[in-house]
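See below for my_file_24.txt, which holds compact mmCIF, N, CA and C atoms.
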# COMPACT_ATOMS: atom_id res chain seq x y z
N MET A 1 83.73 82.73 94.38
CA MET A 1 84.46 83.95 94.67
C MET A 1 84.51 84.16 96.18
N PRO A 2 85.55 84.82 96.63
CA PRO A 2 85.67 85.07 98.07
C PRO A 2 84.59 86.01 98.60
N GLU A 3 84.42 85.94 99.90
CA GLU A 3 83.56 86.89 100.60
C GLU A 3 84.33 88.18 100.82
N ARG A 4 83.61 89.22 101.18
CA ARG A 4 84.22 90.54 101.40
C ARG A 4 85.39 90.46 102.39
N LYS A 5 85.16 89.83 103.52
CA LYS A 5 86.23 89.75 104.53
C LYS A 5 87.43 88.97 104.00
N GLU A 6 87.19 87.98 103.15
CA GLU A 6 88.29 87.22 102.57
C GLU A 6 89.09 88.07 101.58
N PHE A 7 88.38 88.90 100.80
CA PHE A 7 89.08 89.81 99.89
C PHE A 7 90.00 90.75 100.68
N LYS A 8 89.51 91.24 101.80
CA LYS A 8 90.33 92.13 102.63
C LYS A 8 91.57 91.41 103.13
N GLU A 9 91.38 90.20 103.61
CA GLU A 9 92.52 89.41 104.10
C GLU A 9 93.48 89.07 102.96
N LEU A 10 92.93 88.69 101.81
CA LEU A 10 93.78 88.37 100.65
C LEU A 10 94.61 89.58 100.21
N ALA A 11 94.01 90.75 100.23
CA ALA A 11 94.75 91.96 99.85
C ALA A 11 95.95 92.16 100.78
N LYS A 12 95.72 92.00 102.06
CA LYS A 12 96.81 92.17 103.04
C LYS A 12 97.89 91.11 102.85
N ILE A 13 97.48 89.87 102.65
CA ILE A 13 98.44 88.78 102.46
C ILE A 13 99.22 88.96 101.17
N ARG A 14 98.55 89.39 100.09
CA ARG A 14 99.25 89.61 98.82
C ARG A 14 100.31 90.69 98.96
N LEU A 15 100.04 91.70 99.79
CA LEU A 15 101.06 92.73 100.03
C LEU A 15 102.25 92.12 100.76
N GLU A 16 102.00 91.29 101.75
CA GLU A 16 103.10 90.64 102.46
C GLU A 16 103.89 89.74 101.51
N GLU A 17 103.20 89.00 100.65
CA GLU A 17 103.87 88.15 99.67
C GLU A 17 104.67 88.97 98.66
N THR A 18 104.11 90.11 98.26
CA THR A 18 104.80 91.02 97.35
C THR A 18 106.13 91.44 97.96
N LYS A 19 106.10 91.80 99.23
CA LYS A 19 107.32 92.24 99.91
C LYS A 19 108.29 91.08 100.13
N ALA A 20 107.77 89.89 100.41
CA ALA A 20 108.64 88.72 100.59
C ALA A 20 109.35 88.37 99.29
N LEU A 21 108.65 88.42 98.17
CA LEU A 21 109.29 88.17 96.88
C LEU A 21 110.34 89.23 96.59
N PHE A 22 110.03 90.46 96.91
CA PHE A 22 111.00 91.54 96.73
C PHE A 22 112.27 91.25 97.54
N ASP A 23 112.08 90.88 98.80
CA ASP A 23 113.22 90.60 99.67
C ASP A 23 114.09 89.45 99.16
N CYS A 24 113.49 88.55 98.39
CA CYS A 24 114.23 87.42 97.81
C CYS A 24 114.81 87.75 96.44
N GLY A 25 114.62 88.99 95.98
CA GLY A 25 115.14 89.38 94.68
C GLY A 25 114.28 88.92 93.51
N LEU A 26 113.05 88.52 93.79
CA LEU A 26 112.13 88.07 92.74
C LEU A 26 111.20 89.22 92.37
N TYR A 27 111.74 90.16 91.64
CA TYR A 27 111.05 91.43 91.37
C TYR A 27 109.89 91.28 90.40
N ASP A 28 110.00 90.37 89.43
CA ASP A 28 108.89 90.15 88.51
C ASP A 28 107.65 89.68 89.27
N GLY A 29 107.85 88.67 90.11
CA GLY A 29 106.74 88.15 90.90
C GLY A 29 106.20 89.16 91.88
N SER A 30 107.09 89.96 92.43
CA SER A 30 106.69 91.02 93.36
C SER A 30 105.75 92.01 92.66
N CYS A 31 106.13 92.43 91.47
CA CYS A 31 105.29 93.37 90.70
C CYS A 31 103.97 92.73 90.30
N TYR A 32 104.02 91.47 89.93
CA TYR A 32 102.81 90.76 89.52
C TYR A 32 101.81 90.69 90.66
N LEU A 33 102.25 90.24 91.83
CA LEU A 33 101.32 90.13 92.96
C LEU A 33 100.81 91.47 93.45
N ALA A 34 101.60 92.51 93.28
CA ALA A 34 101.21 93.84 93.77
C ALA A 34 99.88 94.30 93.17
N GLY A 35 99.63 93.98 91.93
CA GLY A 35 98.38 94.38 91.30
C GLY A 35 97.17 93.76 91.97
N TYR A 36 97.34 92.54 92.46
CA TYR A 36 96.22 91.87 93.12
C TYR A 36 95.89 92.50 94.46
N VAL A 37 96.82 93.18 95.06
CA VAL A 37 96.53 93.90 96.31
C VAL A 37 95.40 94.90 96.05
N ILE A 38 95.56 95.68 94.99
CA ILE A 38 94.55 96.69 94.67
C ILE A 38 93.27 96.05 94.14
N GLU A 39 93.42 95.05 93.28
CA GLU A 39 92.23 94.37 92.75
C GLU A 39 91.37 93.83 93.90
N PHE A 40 91.97 93.15 94.84
CA PHE A 40 91.20 92.56 95.94
C PHE A 40 90.63 93.62 96.86
N ALA A 41 91.37 94.68 97.10
CA ALA A 41 90.85 95.77 97.94
C ALA A 41 89.63 96.40 97.30
N LEU A 42 89.69 96.63 96.00
CA LEU A 42 88.54 97.23 95.31
C LEU A 42 87.36 96.26 95.27
N LYS A 43 87.62 94.99 95.12
CA LYS A 43 86.53 94.02 95.12
C LYS A 43 85.87 93.92 96.50
N ALA A 44 86.65 94.09 97.56
CA ALA A 44 86.06 94.15 98.90
C ALA A 44 85.13 95.36 99.01
N ARG A 45 85.56 96.48 98.48
CA ARG A 45 84.75 97.70 98.48
C ARG A 45 83.46 97.50 97.67
N ILE A 46 83.57 96.84 96.54
CA ILE A 46 82.39 96.59 95.71
C ILE A 46 81.38 95.76 96.49
N CYS A 47 81.83 94.76 97.19
CA CYS A 47 80.92 93.96 98.04
C CYS A 47 80.22 94.85 99.06
N ARG A 48 80.97 95.78 99.62
CA ARG A 48 80.40 96.67 100.62
C ARG A 48 79.29 97.54 100.03
N ILE A 49 79.56 98.17 98.90
CA ILE A 49 78.55 99.09 98.37
C ILE A 49 77.35 98.36 97.76
N LEU A 50 77.56 97.12 97.33
CA LEU A 50 76.44 96.33 96.82
C LEU A 50 75.71 95.59 97.94
N ASP A 51 76.22 95.74 99.17
CA ASP A 51 75.66 95.08 100.34
C ASP A 51 75.62 93.56 100.15
N LEU A 52 76.75 93.06 99.67
CA LEU A 52 76.91 91.62 99.45
C LEU A 52 78.05 91.12 100.31
N GLU A 53 77.89 89.95 100.84
CA GLU A 53 79.01 89.35 101.54
C GLU A 53 79.96 88.70 100.54
N LYS A 54 79.41 88.20 99.45
CA LYS A 54 80.21 87.50 98.46
C LYS A 54 80.22 88.28 97.15
N TYR A 55 81.37 88.30 96.51
CA TYR A 55 81.53 89.00 95.23
C TYR A 55 80.64 88.33 94.18
N PRO A 56 79.98 89.12 93.33
CA PRO A 56 79.07 88.54 92.33
C PRO A 56 79.82 87.68 91.30
N ASP A 57 79.58 86.37 91.33
CA ASP A 57 80.27 85.48 90.39
C ASP A 57 79.33 84.64 89.54
N THR A 58 78.04 84.82 89.76
CA THR A 58 77.06 84.11 88.94
C THR A 58 75.98 85.08 88.51
N GLY A 59 75.24 84.67 87.52
CA GLY A 59 74.13 85.48 87.06
C GLY A 59 74.57 86.60 86.13
N GLU A 60 73.60 87.33 85.67
CA GLU A 60 73.83 88.38 84.68
C GLU A 60 74.77 89.48 85.19
N ILE A 61 74.61 89.89 86.44
CA ILE A 61 75.43 90.98 86.98
C ILE A 61 76.91 90.62 87.05
N SER A 62 77.19 89.35 87.21
CA SER A 62 78.59 88.94 87.39
C SER A 62 79.46 89.27 86.18
N LYS A 63 78.89 89.32 85.00
CA LYS A 63 79.67 89.62 83.79
C LYS A 63 80.37 90.96 83.89
N SER A 64 79.71 91.92 84.48
CA SER A 64 80.29 93.26 84.63
C SER A 64 81.42 93.30 85.65
N PHE A 65 81.40 92.36 86.58
CA PHE A 65 82.32 92.42 87.70
C PHE A 65 83.53 91.49 87.55
N LYS A 66 83.53 90.67 86.51
CA LYS A 66 84.66 89.76 86.28
C LYS A 66 85.71 90.47 85.45
N THR A 67 86.49 91.28 86.11
CA THR A 67 87.54 92.03 85.43
C THR A 67 88.75 92.18 86.35
N HIS A 68 89.90 92.35 85.71
CA HIS A 68 91.13 92.66 86.44
C HIS A 68 91.52 94.12 86.23
N LYS A 69 90.77 94.84 85.44
CA LYS A 69 91.12 96.22 85.08
C LYS A 69 90.85 97.14 86.27
N LEU A 70 91.92 97.73 86.78
CA LEU A 70 91.82 98.51 88.01
C LEU A 70 90.98 99.77 87.83
N ASP A 71 91.05 100.41 86.69
CA ASP A 71 90.22 101.60 86.45
C ASP A 71 88.74 101.26 86.48
N ILE A 72 88.38 100.13 85.90
CA ILE A 72 86.97 99.70 85.90
C ILE A 72 86.54 99.33 87.31
N LEU A 73 87.39 98.62 88.03
CA LEU A 73 87.06 98.25 89.41
C LEU A 73 86.90 99.48 90.29
N LEU A 74 87.72 100.50 90.06
CA LEU A 74 87.59 101.74 90.82
C LEU A 74 86.22 102.37 90.58
N LYS A 75 85.78 102.34 89.34
CA LYS A 75 84.45 102.88 89.01
C LYS A 75 83.35 102.04 89.65
N LEU A 76 83.44 100.71 89.52
CA LEU A 76 82.44 99.83 90.10
C LEU A 76 82.40 99.95 91.62
N ALA A 77 83.52 100.30 92.20
CA ALA A 77 83.60 100.47 93.66
C ALA A 77 83.00 101.80 94.12
N GLY A 78 82.59 102.63 93.17
CA GLY A 78 81.99 103.91 93.54
C GLY A 78 83.00 104.92 94.05
N LEU A 79 84.27 104.73 93.70
CA LEU A 79 85.32 105.59 94.23
C LEU A 79 85.96 106.49 93.18
N GLU A 80 85.52 106.42 91.96
CA GLU A 80 86.18 107.17 90.89
C GLU A 80 86.22 108.67 91.17
N ARG A 81 85.11 109.26 91.55
CA ARG A 81 85.07 110.70 91.81
C ARG A 81 85.89 111.08 93.04
N LYS A 82 85.72 110.32 94.12
CA LYS A 82 86.49 110.61 95.34
C LYS A 82 87.98 110.50 95.09
N PHE A 83 88.36 109.50 94.31
CA PHE A 83 89.78 109.30 94.04
C PHE A 83 90.32 110.41 93.14
N ALA A 84 89.52 110.84 92.18
CA ALA A 84 89.94 111.95 91.32
C ALA A 84 90.17 113.21 92.15
N GLU A 85 89.27 113.46 93.10
CA GLU A 85 89.43 114.62 93.99
C GLU A 85 90.69 114.47 94.85
N ALA A 86 90.91 113.28 95.38
CA ALA A 86 92.09 113.05 96.23
C ALA A 86 93.38 113.21 95.43
N LYS A 87 93.39 112.71 94.20
CA LYS A 87 94.58 112.82 93.35
C LYS A 87 94.84 114.28 92.98
N ALA A 88 93.77 115.04 92.79
CA ALA A 88 93.94 116.45 92.44
C ALA A 88 94.58 117.23 93.58
N LEU A 89 94.29 116.83 94.80
CA LEU A 89 94.84 117.50 95.98
C LEU A 89 96.22 116.95 96.37
N ASN A 90 96.54 115.78 95.85
CA ASN A 90 97.76 115.11 96.28
C ASN A 90 98.50 114.53 95.07
N PRO A 91 99.43 115.26 94.49
CA PRO A 91 100.16 114.77 93.32
C PRO A 91 100.89 113.45 93.57
N SER A 92 101.31 113.19 94.79
CA SER A 92 101.98 111.92 95.09
C SER A 92 101.03 110.74 94.96
N LEU A 93 99.79 110.92 95.35
CA LEU A 93 98.79 109.87 95.19
C LEU A 93 98.56 109.61 93.70
N LEU A 94 98.52 110.65 92.91
CA LEU A 94 98.39 110.51 91.46
C LEU A 94 99.56 109.71 90.88
N THR A 95 100.77 110.05 91.29
CA THR A 95 101.95 109.32 90.83
C THR A 95 101.87 107.85 91.23
N ASN A 96 101.47 107.61 92.45
CA ASN A 96 101.35 106.23 92.93
C ASN A 96 100.29 105.45 92.17
N TRP A 97 99.17 106.08 91.88
CA TRP A 97 98.13 105.42 91.09
C TRP A 97 98.67 105.09 89.70
N SER A 98 99.43 105.99 89.13
CA SER A 98 100.01 105.74 87.81
C SER A 98 100.92 104.52 87.83
N LEU A 99 101.69 104.37 88.88
CA LEU A 99 102.55 103.18 89.01
C LEU A 99 101.72 101.91 89.14
N VAL A 100 100.68 101.97 89.94
CA VAL A 100 99.85 100.80 90.19
C VAL A 100 99.08 100.40 88.93
N THR A 101 98.56 101.35 88.19
CA THR A 101 97.72 101.03 87.04
C THR A 101 98.51 100.61 85.81
N GLU A 102 99.82 100.58 85.90
CA GLU A 102 100.60 99.97 84.83
C GLU A 102 100.42 98.45 84.86
N TRP A 103 99.94 97.94 85.97
CA TRP A 103 99.78 96.50 86.17
C TRP A 103 98.62 95.95 85.34
N ASN A 104 98.79 94.72 84.91
CA ASN A 104 97.67 93.92 84.42
C ASN A 104 98.01 92.45 84.63
N GLU A 105 97.00 91.62 84.57
CA GLU A 105 97.20 90.22 84.90
C GLU A 105 98.15 89.50 83.94
N SER A 106 98.42 90.08 82.77
CA SER A 106 99.33 89.43 81.82
C SER A 106 100.80 89.59 82.21
N PHE A 107 101.07 90.32 83.30
CA PHE A 107 102.45 90.40 83.81
C PHE A 107 103.02 89.00 84.03
N ARG A 108 102.15 88.04 84.32
CA ARG A 108 102.63 86.69 84.61
C ARG A 108 103.34 86.05 83.43
N TYR A 109 103.13 86.59 82.22
CA TYR A 109 103.75 86.04 81.03
C TYR A 109 105.02 86.78 80.60
N MET A 110 105.38 87.81 81.33
CA MET A 110 106.57 88.59 80.95
C MET A 110 107.83 87.77 81.19
N PRO A 111 108.84 87.98 80.36
CA PRO A 111 110.09 87.25 80.54
C PRO A 111 110.74 87.57 81.90
N VAL A 112 111.45 86.59 82.41
CA VAL A 112 112.19 86.76 83.67
C VAL A 112 113.12 87.96 83.53
N GLY A 113 113.14 88.80 84.55
CA GLY A 113 114.00 89.97 84.54
C GLY A 113 113.37 91.20 83.92
N SER A 114 112.08 91.15 83.64
CA SER A 114 111.38 92.29 83.03
C SER A 114 111.23 93.47 83.98
N LYS A 115 111.13 93.17 85.25
CA LYS A 115 110.92 94.23 86.25
C LYS A 115 112.17 94.39 87.12
N PRO A 116 112.83 95.51 87.04
CA PRO A 116 114.03 95.72 87.87
C PRO A 116 113.65 95.99 89.33
N ARG A 117 114.65 95.90 90.16
CA ARG A 117 114.48 96.12 91.60
C ARG A 117 113.81 97.45 91.89
N VAL A 118 114.25 98.50 91.25
CA VAL A 118 113.72 99.84 91.54
C VAL A 118 112.23 99.92 91.20
N LYS A 119 111.80 99.24 90.15
CA LYS A 119 110.38 99.25 89.78
C LYS A 119 109.55 98.56 90.86
N ALA A 120 110.01 97.42 91.31
CA ALA A 120 109.29 96.70 92.36
C ALA A 120 109.24 97.52 93.65
N GLU A 121 110.36 98.15 93.97
CA GLU A 121 110.42 98.99 95.17
C GLU A 121 109.44 100.15 95.06
N ASP A 122 109.37 100.79 93.90
CA ASP A 122 108.44 101.90 93.69
C ASP A 122 106.99 101.45 93.81
N ILE A 123 106.69 100.28 93.28
CA ILE A 123 105.31 99.78 93.34
C ILE A 123 104.91 99.48 94.78
N ILE A 124 105.80 98.86 95.53
CA ILE A 124 105.49 98.57 96.94
C ILE A 124 105.25 99.88 97.70
N MET A 125 106.10 100.86 97.47
CA MET A 125 105.93 102.16 98.12
C MET A 125 104.59 102.78 97.70
N SER A 126 104.23 102.64 96.43
CA SER A 126 103.00 103.25 95.95
C SER A 126 101.76 102.62 96.59
N LEU A 127 101.90 101.41 97.07
CA LEU A 127 100.79 100.74 97.74
C LEU A 127 100.68 101.13 99.21
N GLU A 128 101.81 101.13 99.90
CA GLU A 128 101.73 101.21 101.36
C GLU A 128 102.24 102.49 102.00
N ASP A 129 102.62 103.47 101.20
CA ASP A 129 103.04 104.74 101.79
C ASP A 129 101.92 105.25 102.71
N LYS A 130 102.28 105.61 103.92
CA LYS A 130 101.26 105.97 104.92
C LYS A 130 100.41 107.18 104.56
N THR A 131 100.95 108.11 103.81
CA THR A 131 100.17 109.29 103.44
C THR A 131 99.69 109.28 102.00
N ASP A 132 100.41 108.58 101.12
CA ASP A 132 100.08 108.65 99.69
C ASP A 132 99.86 107.28 99.05
N GLY A 133 99.81 106.23 99.84
CA GLY A 133 99.67 104.89 99.29
C GLY A 133 98.28 104.60 98.78
N VAL A 134 98.20 103.98 97.63
CA VAL A 134 96.91 103.66 97.02
C VAL A 134 96.15 102.65 97.88
N PHE A 135 96.82 101.60 98.33
CA PHE A 135 96.17 100.62 99.19
C PHE A 135 95.71 101.25 100.49
N VAL A 136 96.53 102.09 101.05
CA VAL A 136 96.17 102.80 102.29
C VAL A 136 94.90 103.63 102.05
N TRP A 137 94.83 104.30 100.90
CA TRP A 137 93.66 105.14 100.58
C TRP A 137 92.41 104.29 100.43
N ILE A 138 92.49 103.19 99.68
CA ILE A 138 91.32 102.35 99.44
C ILE A 138 90.80 101.75 100.75
N LYS A 139 91.70 101.39 101.66
CA LYS A 139 91.26 100.77 102.92
C LYS A 139 90.36 101.69 103.74
N LYS A 140 90.43 102.99 103.50
CA LYS A 140 89.53 103.91 104.22
C LYS A 140 88.08 103.67 103.84
N TYR A 141 87.85 103.03 102.69
CA TYR A 141 86.49 102.89 102.16
C TYR A 141 86.02 101.45 102.02
N TRP A 142 86.84 100.49 102.33
CA TRP A 142 86.42 99.11 102.06
C TRP A 142 85.61 98.54 103.18

Can I see the file as structure tokens?
Amino acid sequence: MPERKEFKELAKIRLEETKALFDCGLYDGSCYLAGYVIEFALKARICRILDLEKYPDTGEISKSFKTHKLDILLKLAGLERKFAEAKALNPSLLTNWSLVTEWNESFRYMPVGSKPRVKAEDIIMSLEDKTDGVFVWIKKYW
């Protein structure tokens, strides 16, 4: 598994790749990669709070951390309460989280054309909006 700093870099690169796919009209792939932006950001945060350089990938503890489920990763990252408070104060952040958490790793099996342009555009905005973006919010804590 990557180290904390690698997760941070991967999250940033996946966002750039998400936008590049969008620009090429590849909206399914854009939506698919967008989920990994949040997954990697949360995994970087988990490394931070566990005081680990590397994400737990062996041993008994690793079983709990091998997940793609964003709600579970948010909890493991110790951000569930803070994020609930932030969403309560900011309905746009709540909306953006709702868009992001529609994602799961099985998007890769969806038929071509499953995600329209507007959906991909909304997901990208939900990640990087300067005031209400989910990725922007998580980076404050990673």

The centre and edge lengths of an axis-aligned box containing all atoms of segment 31-50 of chain A present in the file, extended by 8 Å on each side, are to be given in Å to one decimal, as AutoDock Vina command-line options.
--center_x 90.9 --center_y 94.6 --center_z 95.1 --size_x 46.4 --size_y 25.0 --size_z 27.1

- request: Output as a list in words all residues of segment 104-133 of chain A that backbone DSSP marks as alpha helix (DSSP H).
  value: Arg117, Val118, Lys119, Ala120, Glu121, Asp122, Ile123, Ile124, Met125, Ser126, Leu127 and Glu128 of chain A

task: Could you check which of A:Lys87, A:Lys69, A:Lys130, A:Lys82 is closest to Glu102 of chain A, using only C-alpha atoms?
output: A:Lys69

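Going from atom CA of Ser98 of chain A over to atom CA of Ile123 of chain A, you cover 9.7 Å.
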
message: With distances taken over only N, CA and C atoms, which residue among A:Met125, A:Leu76, A:Leu70, A:Ile46 lies nearest Thr101 of chain A?
response: A:Leu70
